[in-house]
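Have a look at structure.cif below; it lists mmCIF, C-alpha atoms.
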```cif
data_input
#
loop_
_atom_site.label_atom_id
_atom_site.label_comp_id
_atom_site.auth_asym_id
_atom_site.auth_seq_id
_atom_site.Cartn_x
_atom_site.Cartn_y
_atom_site.Cartn_z
CA MET A 12 0.00 0.00 0.00
CA ALA A 13 2.91 2.24 -0.67
CA ASP A 14 0.83 4.38 -3.04
CA ILE A 15 -1.33 5.73 -0.15
CA THR A 16 -0.17 8.71 1.90
CA VAL A 17 -1.47 9.69 5.34
CA ARG A 18 -0.70 13.21 6.58
CA GLY A 19 2.18 13.57 4.20
CA GLN A 20 3.67 10.14 4.79
CA ASP A 21 3.49 6.96 2.79
CA PHE A 22 0.83 4.70 4.20
CA TYR A 23 3.37 1.92 4.33
CA ASN A 24 5.69 3.94 6.56
CA VAL A 25 3.08 4.86 9.20
CA PRO A 26 4.08 2.97 12.38
CA ASP A 27 0.65 1.82 13.46
CA VAL A 28 -2.71 2.28 11.75
CA THR A 29 -5.94 1.08 13.31
CA PHE A 30 -8.98 0.22 11.12
CA PRO A 31 -12.52 -0.42 12.28
CA LYS A 32 -13.81 -3.83 11.30
CA VAL A 33 -17.13 -4.25 9.50
CA GLY A 34 -18.34 -6.79 12.05
CA GLY A 35 -17.08 -4.75 14.98
CA GLY A 36 -13.74 -4.23 16.65
CA THR A 37 -10.55 -2.92 15.07
CA ALA A 38 -7.58 -4.16 13.16
CA THR A 39 -4.09 -2.68 13.49
CA TYR A 40 -1.63 -2.28 10.69
CA THR A 41 1.96 -2.37 11.97
CA GLU A 42 4.92 -1.08 10.00
CA GLY A 43 6.49 -3.81 8.00
CA GLY A 44 3.40 -5.93 8.45
CA GLY A 45 4.71 -7.48 11.64
CA GLY A 46 2.03 -8.50 14.12
CA GLY A 47 -0.59 -6.39 12.39
CA ALA A 48 -3.39 -6.89 9.87
CA ASN A 49 -2.50 -7.82 6.31
CA LEU A 50 -4.22 -5.22 4.11
CA MET A 51 -1.92 -5.33 1.10
CA HIS A 52 -4.09 -7.28 -1.30
CA GLY A 53 -7.82 -6.93 -1.75
CA SER A 54 -9.63 -6.20 -5.06
CA LYS A 55 -12.86 -6.85 -7.10
CA ASN A 56 -13.13 -6.44 -10.88
CA VAL A 57 -16.52 -5.11 -12.12
CA THR A 58 -17.26 -4.31 -15.81
CA PRO A 59 -19.48 -1.21 -16.09
CA SER A 60 -22.69 -1.57 -18.10
CA GLU A 61 -25.98 0.28 -18.56
CA THR A 62 -27.28 -1.59 -15.46
CA ALA A 63 -26.04 -0.56 -11.99
CA TYR A 64 -24.11 -3.16 -9.95
CA SER A 65 -23.99 -3.64 -6.19
CA GLY A 66 -22.61 -6.70 -4.36
CA THR A 67 -20.96 -7.91 -1.13
CA GLU A 68 -17.66 -9.72 -1.50
CA THR A 69 -15.75 -11.87 1.03
CA PRO A 70 -11.93 -11.62 0.94
CA SER A 71 -9.95 -14.78 0.62
CA THR A 72 -8.00 -16.21 3.58
CA GLY A 73 -5.20 -14.09 5.00
CA TYR A 74 -6.78 -10.66 4.94
CA ASP A 75 -6.78 -9.94 8.62
CA GLY A 76 -9.85 -8.30 10.02
CA PHE A 77 -11.82 -8.06 6.74
CA ASP A 78 -14.66 -10.50 6.75
CA GLN A 79 -16.49 -8.90 3.77
CA PHE A 80 -16.80 -5.69 1.81
CA THR A 81 -19.40 -4.09 -0.53
CA VAL A 82 -18.72 -3.02 -4.13
CA SER A 83 -21.16 -0.67 -5.96
CA VAL A 84 -20.89 0.52 -9.62
CA GLU A 85 -23.36 3.00 -11.08
CA ALA A 86 -24.92 2.33 -14.50
CA ILE A 87 -23.44 4.01 -17.58
CA PRO A 88 -25.62 7.06 -18.49
CA ASP A 89 -27.78 6.86 -21.66
CA ASP A 90 -25.98 9.88 -23.15
CA TYR A 91 -22.53 8.40 -22.63
CA ILE A 92 -20.51 8.27 -25.85
CA GLY A 93 -17.66 5.84 -25.95
CA SER A 94 -14.33 6.69 -27.49
CA ALA A 95 -15.12 4.51 -30.57
CA ILE A 96 -18.44 6.31 -31.41
CA ASP A 97 -18.41 9.68 -33.20
CA ARG A 98 -20.75 12.43 -32.11
CA ARG A 99 -22.72 13.71 -35.12
CA SER A 100 -24.93 16.67 -36.08
CA SER A 101 -26.67 18.18 -39.15
CA SER A 102 -23.34 19.51 -40.38
CA ASP A 103 -22.19 15.93 -40.99
CA LEU A 104 -24.98 15.24 -43.50
CA THR A 105 -24.26 15.67 -47.22
CA ALA A 106 -26.58 15.81 -50.25
CA SER A 107 -25.75 14.86 -53.83
CA GLY A 108 -28.57 14.88 -56.36
CA ALA A 109 -31.43 12.77 -55.01
CA THR A 110 -29.24 11.12 -52.29
CA VAL A 111 -28.66 12.36 -48.71
CA ALA A 112 -25.70 10.64 -46.99
CA VAL A 113 -25.99 10.06 -43.21
CA PRO A 114 -22.70 8.89 -41.64
CA ALA A 115 -22.77 6.48 -38.69
CA GLY A 116 -22.49 7.98 -35.21
CA PHE A 117 -24.40 9.39 -32.28
CA TYR A 118 -26.93 12.14 -32.99
CA GLU A 119 -27.91 13.87 -29.77
CA ASN A 120 -30.56 15.95 -31.59
CA ALA A 121 -32.65 15.54 -34.74
CA ALA A 122 -30.61 16.25 -37.88
CA SER A 123 -31.75 17.52 -41.29
CA LYS A 124 -30.23 18.45 -44.64
CA SER A 125 -31.80 20.56 -47.42
CA VAL A 126 -31.42 19.51 -51.04
CA ALA A 127 -31.07 21.90 -53.95
CA SER A 128 -34.26 23.29 -55.50
CA GLY A 129 -35.06 22.60 -59.14
CA THR A 130 -37.09 24.54 -61.68
CA GLU A 131 -40.08 23.19 -63.57
CA GLY A 132 -39.79 23.62 -67.31
CA THR A 133 -42.64 24.61 -69.62
CA PRO A 134 -43.88 21.63 -71.69
CA SER A 135 -43.61 21.92 -75.45
CA ALA A 136 -44.43 19.70 -78.42
CA THR A 137 -42.95 19.22 -81.88
CA LYS A 138 -45.03 18.35 -84.91
CA GLY A 139 -43.50 15.81 -87.26
CA ALA A 140 -43.96 15.28 -90.97
CA VAL A 141 -47.18 13.85 -92.33
CA THR A 142 -46.85 10.16 -93.28
CA ASP A 143 -49.77 8.13 -94.61
CA HIS A 144 -52.18 10.89 -93.63
CA ALA A 145 -50.98 10.83 -90.01
CA VAL A 146 -48.66 13.09 -88.03
CA GLU A 147 -46.67 12.37 -84.87
CA ILE A 148 -46.65 14.88 -82.00
CA THR A 149 -43.56 14.62 -79.75
CA PRO A 150 -43.96 16.23 -76.29
CA SER A 151 -40.94 17.32 -74.22
CA VAL A 152 -40.02 19.32 -71.10
CA THR A 153 -36.67 20.40 -69.64
CA ASN A 154 -36.29 20.72 -65.84
CA THR A 155 -33.26 21.96 -63.87
CA GLU A 156 -31.85 19.45 -61.39
CA GLY A 157 -33.18 19.55 -57.84
CA HIS A 158 -36.35 19.21 -55.82
CA ILE A 159 -39.49 20.08 -57.80
CA ASN A 160 -42.94 20.44 -56.28
CA GLY A 161 -45.66 18.28 -57.78
CA GLY A 162 -48.43 19.72 -59.93
CA THR A 163 -49.67 20.16 -63.47
CA HIS A 164 -47.93 22.43 -65.96
CA SER A 165 -49.52 23.18 -69.30
CA GLY A 166 -47.67 24.14 -72.46
CA THR A 167 -48.67 25.68 -75.77
CA PRO A 168 -50.95 23.43 -77.87
CA VAL A 169 -49.74 22.18 -81.26
CA ARG A 170 -52.30 22.70 -84.01
CA VAL A 171 -52.65 20.21 -86.86
CA GLU A 172 -54.78 21.48 -89.71
CA ALA A 173 -57.04 19.08 -91.56
CA SER A 174 -55.41 20.18 -94.79
CA GLU A 175 -52.14 18.70 -93.54
CA LEU A 176 -53.62 15.22 -93.19
CA VAL A 177 -55.61 14.97 -96.40
CA SER A 178 -54.54 15.26 -100.01
CA GLY A 179 -55.58 14.35 -103.51
CA SER A 180 -58.79 14.71 -105.45
CA THR A 181 -61.30 12.48 -107.22
CA ASN A 182 -64.10 13.04 -109.69
CA ILE A 183 -67.47 11.40 -109.11
CA VAL A 184 -70.08 11.10 -111.82
CA GLY A 185 -73.53 9.76 -110.93
CA ASN A 186 -74.62 8.05 -107.75
CA GLY A 187 -73.06 5.20 -105.82
CA THR A 188 -70.79 4.56 -102.83
CA PHE A 189 -67.31 6.04 -103.04
CA ASN A 190 -64.33 5.91 -100.68
CA VAL A 191 -63.20 9.48 -100.08
CA THR A 192 -61.05 8.80 -97.01
CA ASN A 193 -58.13 11.23 -96.69
CA LEU A 194 -59.06 13.05 -99.91
CA ALA A 195 -58.73 16.80 -99.84
CA GLN A 196 -61.21 17.32 -102.66
CA VAL A 197 -64.15 15.45 -104.18
CA VAL A 198 -65.56 16.74 -107.45
CA VAL A 199 -69.12 15.58 -108.15
CA ASP A 200 -70.27 16.01 -111.74
CA VAL A 201 -74.05 16.40 -111.75
CA SER A 202 -74.41 18.34 -114.99
CA SER A 203 -72.70 16.26 -117.66
CA ILE A 204 -74.80 13.72 -119.57
CA GLY A 205 -71.74 11.61 -120.29
CA THR A 206 -68.06 11.51 -121.08
CA LEU A 207 -66.88 12.89 -124.41
CA LEU A 208 -64.93 10.11 -126.11
CA ASN A 209 -64.22 11.56 -129.55
CA THR A 210 -64.86 14.59 -131.76
CA LYS A 211 -64.44 14.27 -135.52
CA THR A 212 -64.84 16.80 -138.30
CA LEU A 213 -66.63 15.09 -141.18
CA GLY A 214 -66.03 17.96 -143.58
CA ASN A 215 -68.40 19.05 -146.32
CA ILE A 216 -71.33 16.73 -146.98
CA SER A 217 -73.85 17.50 -149.73
CA THR A 218 -76.74 15.37 -151.00
CA SER A 219 -80.31 15.67 -152.14
CA SER A 220 -80.92 11.92 -152.22
CA THR A 221 -83.81 10.58 -150.16
CA SER A 222 -82.13 7.17 -149.96
CA ALA A 223 -79.64 6.25 -147.26
CA THR A 224 -76.08 6.42 -148.60
CA ASP A 225 -72.66 6.05 -147.04
CA THR A 226 -70.78 9.30 -146.46
CA GLY A 227 -67.50 7.40 -146.48
CA GLN A 228 -66.77 8.74 -142.96
CA THR A 229 -66.24 6.62 -139.84
CA VAL A 230 -65.82 7.67 -136.18
CA SER A 231 -63.74 5.49 -133.82
CA VAL A 232 -63.95 5.40 -130.01
CA SER A 233 -61.99 3.32 -127.50
CA GLY A 234 -62.61 2.26 -123.92
CA ILE A 235 -66.24 1.37 -124.52
CA ASN A 236 -66.18 -1.40 -121.87
CA ASN A 237 -66.59 1.38 -119.29
CA TYR A 238 -69.96 2.44 -120.74
CA ASP A 239 -73.42 1.04 -121.42
CA ALA A 240 -74.37 3.32 -124.32
CA LEU A 241 -72.95 5.80 -126.82
CA VAL A 242 -74.66 9.03 -127.77
CA VAL A 243 -73.79 10.25 -131.28
CA ILE A 244 -74.51 13.92 -132.01
CA THR A 245 -73.86 15.25 -135.54
CA TYR A 246 -74.41 18.94 -136.25
CA VAL A 247 -73.68 21.40 -139.03
CA GLN A 248 -70.89 23.88 -138.53
CA THR A 249 -71.25 25.97 -141.71
CA GLN A 250 -73.99 25.63 -144.27
CA THR A 251 -75.08 26.60 -147.79
CA ASN A 252 -78.80 26.32 -148.60
CA ASN A 253 -78.86 23.62 -145.93
CA ARG A 254 -82.06 22.22 -144.49
CA HIS A 255 -80.58 19.71 -142.04
CA VAL A 256 -79.18 21.02 -138.72
CA ALA A 257 -78.46 18.08 -136.36
CA THR A 258 -79.19 14.44 -135.54
CA LEU A 259 -79.00 12.64 -132.17
CA ALA A 260 -78.81 8.84 -132.10
CA TRP A 261 -78.26 6.08 -129.49
CA ILE A 262 -75.98 3.06 -129.71
CA TRP A 263 -76.58 0.43 -127.01
CA LEU A 264 -73.56 -1.60 -125.85
CA TYR A 265 -73.99 -4.99 -124.19
CA ASN A 266 -72.79 -8.55 -123.80
CA SER A 267 -75.10 -11.46 -123.08
CA SER A 268 -72.62 -13.11 -120.69
CA SER A 269 -70.65 -10.20 -119.15
CA ILE A 270 -71.60 -6.69 -118.14
CA SER A 271 -67.94 -5.58 -117.97
CA THR A 272 -67.03 -6.53 -121.54
CA LYS A 273 -69.04 -5.06 -124.41
CA SER A 274 -69.19 -7.16 -127.57
CA THR A 275 -72.41 -6.10 -129.31
CA ALA A 276 -73.72 -2.73 -130.49
CA ALA A 277 -77.32 -1.96 -131.44
CA ILE A 278 -78.31 1.40 -132.91
CA GLY A 279 -81.57 2.75 -131.55
CA THR A 280 -84.43 2.99 -134.05
CA ALA A 281 -85.59 6.40 -132.87
CA LYS A 282 -83.57 9.42 -134.01
CA LEU A 283 -83.96 13.03 -132.99
CA ASN A 284 -83.80 15.13 -136.17
CA MET A 285 -83.47 18.88 -136.21
CA LYS A 286 -84.22 20.57 -139.52
CA ARG A 287 -84.61 24.07 -140.87
CA SER A 288 -87.65 25.08 -142.90
CA SER A 289 -87.57 27.27 -145.97
CA SER A 290 -88.34 30.22 -143.73
CA GLY A 291 -85.33 29.47 -141.53
CA THR A 292 -87.27 28.20 -138.51
CA VAL A 293 -85.65 25.18 -136.80
CA SER A 294 -87.91 22.34 -135.67
CA SER A 295 -87.27 18.82 -134.37
CA ARG A 296 -89.00 15.48 -134.47
CA SER A 297 -88.34 11.90 -133.49
CA ASN A 298 -88.66 9.41 -136.30
CA THR A 299 -87.72 5.81 -136.90
CA THR A 300 -86.45 6.84 -140.31
CA ALA A 301 -83.08 8.51 -140.02
CA TYR A 302 -82.57 11.77 -141.85
CA GLY A 303 -79.56 14.01 -142.10
CA ILE A 304 -76.14 12.68 -141.06
CA TYR A 305 -76.45 9.74 -138.67
CA PRO A 306 -74.75 6.48 -137.51
CA ASN A 307 -75.88 3.57 -139.61
CA SER A 308 -73.79 0.73 -138.16
CA CYS A 309 -71.30 0.04 -135.38
CA THR A 310 -68.74 -2.75 -135.09
CA ILE A 311 -66.82 -3.65 -131.89
CA THR A 312 -63.31 -5.09 -131.74
CA ASN A 313 -61.24 -5.44 -128.52
CA GLY A 314 -63.11 -2.77 -126.57
CA ALA A 315 -63.17 -0.23 -129.44
CA ALA A 316 -66.08 0.78 -131.63
CA THR A 317 -66.09 1.91 -135.28
CA ILE A 318 -69.17 3.88 -136.33
CA SER A 319 -70.12 4.29 -140.01
CA MET A 320 -71.83 7.60 -140.81
CA TYR A 321 -74.67 7.71 -143.42
CA GLN A 322 -76.76 10.49 -144.98
CA ARG A 323 -80.37 10.87 -146.15
CA TYR A 324 -82.26 13.96 -147.27
CA ASN A 325 -85.83 14.59 -146.18
CA SER A 326 -87.84 15.02 -149.37
CA THR A 327 -90.57 16.90 -147.57
CA GLN A 328 -88.30 19.91 -147.32
CA THR A 329 -86.93 22.05 -150.10
CA GLY A 330 -83.20 22.47 -150.44
CA THR A 331 -80.41 19.99 -149.87
CA ILE A 332 -77.95 18.70 -147.27
CA ASN A 333 -75.01 20.93 -147.85
CA GLY A 334 -72.53 21.95 -145.14
CA ASN A 335 -69.52 21.12 -143.01
CA TYR A 336 -70.51 18.64 -140.27
CA ILE A 337 -68.96 17.62 -136.93
CA THR A 338 -69.71 14.42 -134.99
CA LYS A 339 -69.25 14.02 -131.21
CA VAL A 340 -69.52 10.69 -129.37
CA TYR A 341 -70.30 10.52 -125.62
CA GLY A 342 -70.08 7.47 -123.36
CA LEU A 343 -72.90 6.86 -120.86
CA LYS A 344 -73.20 4.53 -117.90
CA LEU A 345 -76.55 3.04 -117.06
CA TYR A 346 -77.14 5.20 -114.00
CA ASN A 347 -76.77 8.30 -116.20
CA LEU A 348 -79.60 7.02 -118.39
CA ILE A 349 -81.99 6.40 -115.48
CA GLY A 350 -81.31 9.72 -113.78
CA GLY A 351 -78.55 8.58 -111.39
#
```
How does the structure come out when it is put into C-alpha cells?
Amino acid sequence: MADITVRGQDFYNVPDVTFPKVGGGTATYTEGGGGGANLMHGSKNVTPSETAYSGTETPSTGYDGFDQFTVSVEAIPDDYIGSAIDRRSSSDLTASGATVAVPAGFYENAASKSVASGTEGTPSATKGAVTDHAVEITPSVTNTEGHINGGTHSGTPVRVEASELVSGSTNIVGNGTFNVTNLAQVVVDVSSIGTLLNTKTLGNISTSSTSATDTGQTVSVSGINNYDALVVITYVQTQTNNRHVATLAWIWLYNSSSISTKSTAAIGTAKLNMKRSSSGTVSSRSNTTAYGIYPNSCTITNGAATISMYQRYNSTQTGTINGNYITKVYGLKLYNLIGG
C-alpha cells in the first residue's frame, strides 16, 4: 500500500494504523506488516454496463480483520458516448442529387439536410412530318436538377390542320358509294350527260338523195367497256342552202354473258332530227327513219367501236344537205340514263 499517503507520509511507513472492522472491533496495521493486519491485497473487478451493480464480496483467507466488503458501480448514463463512437450533427450530413448521406455515429438531436431546389420547365411539343395521312406529336419538357414540387404544368398546344392530313382529289359522276377517305377534294359532276370520247370533223357533206347512202366517214372510239351506251350527235358547222341542222342517235352496248365486256352494239331505231324550214325556222322530231347525217352501223373489236356515218335527205323539205358537219360521241353509264 505504498501508493497511499497519510498526513504527508506513505501509508506503508506509518508505524501503526488502526482500522474499524465491519463486524465490529478494530484491526491494526503495523509497519512492515509485523504482528498487524495484512491489508496489502484486496480487489474486485466489475465491468461497467448500462445496469447498476452492487454486491458484497468476502476476501480470501489471509486478509486480517476483513470479513467482507461491498462493491457498488453505477450504470453508464444513456448519453454516454464511448471513445469509438463519433458524435454527429446536421453539419455531418451531405446531399448529392437525389441522395442524402448520413454517416454512422451518435446524434444527440434531430438532424436535417436541405437539397437543392429545381425549376419546372414549360412543356412543349414538336409536330413531325405527315406520313400516310398521319402526323406524330412529340412532347418534351426540360427541368433543372433539384427538388421540384408536384403539380400540373400546361404548355402551348400544337395545331394540326385538316389540310395537312388529307390530299388528292377524285371526280365522281352519278350516284353510288365512293371511298373518299383522306381526300382533300371530291368533285361531283351532276351536270354532264356523259363523257366525251371523240370529236371528228366530217367535212363538207352534200346530197339531195332521199335514200340512205354512205358518207364514207367513220368515227372510232376506245374504252367502250366502261360504258353502257354511246350518244352520237352530228351537227352542221357551216352551211349553204342547208335544211338539215343536227341528228342525235343512241348506240346500245352490251354482252349477253358479261356486263364488264361489251361485244355487241345496237343502234336505236328512234332518231332526234333537227331541220330548218324554208323560212329558216328550226324544228325537231323523233322518227324511226333517219334523216340528215347519222350512224348507220357500229362494229366492236377489242373494246373499241367503229361507227359508219350515213346520210339521207328529207324530201318533204326544199333544199339539200349541204354543209360542213362535226360528230361528237359521248359514253354513258346506265345510272346516267336512269337519272342517277
Check your understanding: So what does the PyMOL selection byres ((chain A and resi 339) around 10) actually pick up in this one, as a list in words?
Key ->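 So the PyMOL selection byres ((chain A and resi 339) around 10), applied here, picks out Leu207, Leu208, Asn209, Thr210, Lys211, Thr212, Val230, Val242, Val243, Ile244, Thr245, Tyr246, Leu259, Ile337, Thr338, Val340 and Tyr341 of chain A.
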Point to revise | Residue list as a list in words for point (-45.7, 14.2, -85.4), cut-off 10 Å, only C-alpha atoms | key: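 It turns out the residues near that spot are Ala136, Thr137, Lys138, Gly139, Ala140, Val141, Thr142, Ala145, Val146, Glu147, Ile148, Thr149, Pro150, Val169 and Val171 of chain A.
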Practice item. Could you expand the PyMOL selection byres ((chain A and resi 223) around 9) into the explicit residues it covers here, written as a PyMOL selection string? Key: chain A and resi 220-222+224-225+301-302+307+321-324
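You will find atom CA of A:Ser269 at 12.3 Å from atom CA of A:Asn237.
Interatomic distance, atom CA of A:Gln196 to atom CA of A:Leu241: 29.2 Å.
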Check your understanding: Contacts of A:Val57 at 9 Å or less, counting only C-alpha atoms, minus same-chain residues fewer than 5 places along, as a PyMOL selection string?
Key -> chain A and resi 64+82-84
Please write out, as JSON, where the centre of an axis-aligned box around all listed atoms of stretch 269-274 of chain A lies and how long its edges are, in Å to one decimal, after adding 4 Å on each side.
```
{"center_x": -69.3, "center_y": -7.6, "center_z": -122.8, "size_x": 12.6, "size_y": 13.1, "size_z": 17.6}
```
Review point. How many Å lie between atom CA of A:Arg99 and atom CA of A:Glu119, rounded to one decimal?
Key: 7.5 Å
Revision key, fill the gap. A:Glu175 proximity check over A:Ile235, A:Ala109, A:Leu194, A:Leu213, using only C-alpha atoms: winner is A:Leu194
Exercise for review: Name the residues that the PyMOL selection byres ((chain A and resi 165) around 10) picks from the file above, as a list of chain:residue names, using the file's chain letters and numbers.
Suggested key: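 What the PyMOL selection byres ((chain A and resi 165) around 10) grabs from the file is A:Gly132, A:Thr133, A:Pro134, A:Ser135, A:Thr163, A:His164, A:Gly166, A:Thr167, A:Pro168.
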Review point. Nearest to A:His158: which of A:Ala115, A:Ala106, A:Val247, A:Ile262 is it, counting all atoms listed in the file?
Key: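 Closest to A:His158 of all the choices is A:Ala106.
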Practice item. Please write as a list in words the list of polymer residues whose atoms come within 9 Å of (-61.1, 4.5, -128.7), counting only C-alpha atoms and keeping to the coordinates of the file. Key: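 Applying the cut-off with only C-alpha atoms, one gets Leu208, Asn209, Ser231, Val232, Ser233, Gly234, Ile235, Gly314, Ala315, Ala316 and Thr317 of chain A.
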Could you dump the residues just selected with C-alpha atoms as an mmCIF file, in the coordinates of the input?
```cif
data_model
loop_
_atom_site.group_PDB
_atom_site.id
_atom_site.type_symbol
_atom_site.label_atom_id
_atom_site.label_comp_id
_atom_site.auth_asym_id
_atom_site.auth_seq_id
_atom_site.Cartn_x
_atom_site.Cartn_y
_atom_site.Cartn_z
ATOM 1 C CA LEU A 208 -64.930 10.110 -126.110
ATOM 2 C CA ASN A 209 -64.220 11.560 -129.550
ATOM 3 C CA SER A 231 -63.740 5.490 -133.820
ATOM 4 C CA VAL A 232 -63.950 5.400 -130.010
ATOM 5 C CA SER A 233 -61.990 3.320 -127.500
ATOM 6 C CA GLY A 234 -62.610 2.260 -123.920
ATOM 7 C CA ILE A 235 -66.240 1.370 -124.520
ATOM 8 C CA GLY A 314 -63.110 -2.770 -126.570
ATOM 9 C CA ALA A 315 -63.170 -0.230 -129.440
ATOM 10 C CA ALA A 316 -66.080 0.780 -131.630
ATOM 11 C CA THR A 317 -66.090 1.910 -135.280
#
```
Point to revise | Long-range neighbours of A:Ser180 as a ChimeraX atom specification, 8 Å cut-off, only C-alpha atoms, 2 positions minimum in chain | key: /A:178,182,194-198
Point to revise | Residue contacts of A:Ser308 (7 Å, all atoms listed in the file) excluding same-chain residues fewer than 3 positions away, as number ranges by chain | key: A: 278, 318-319
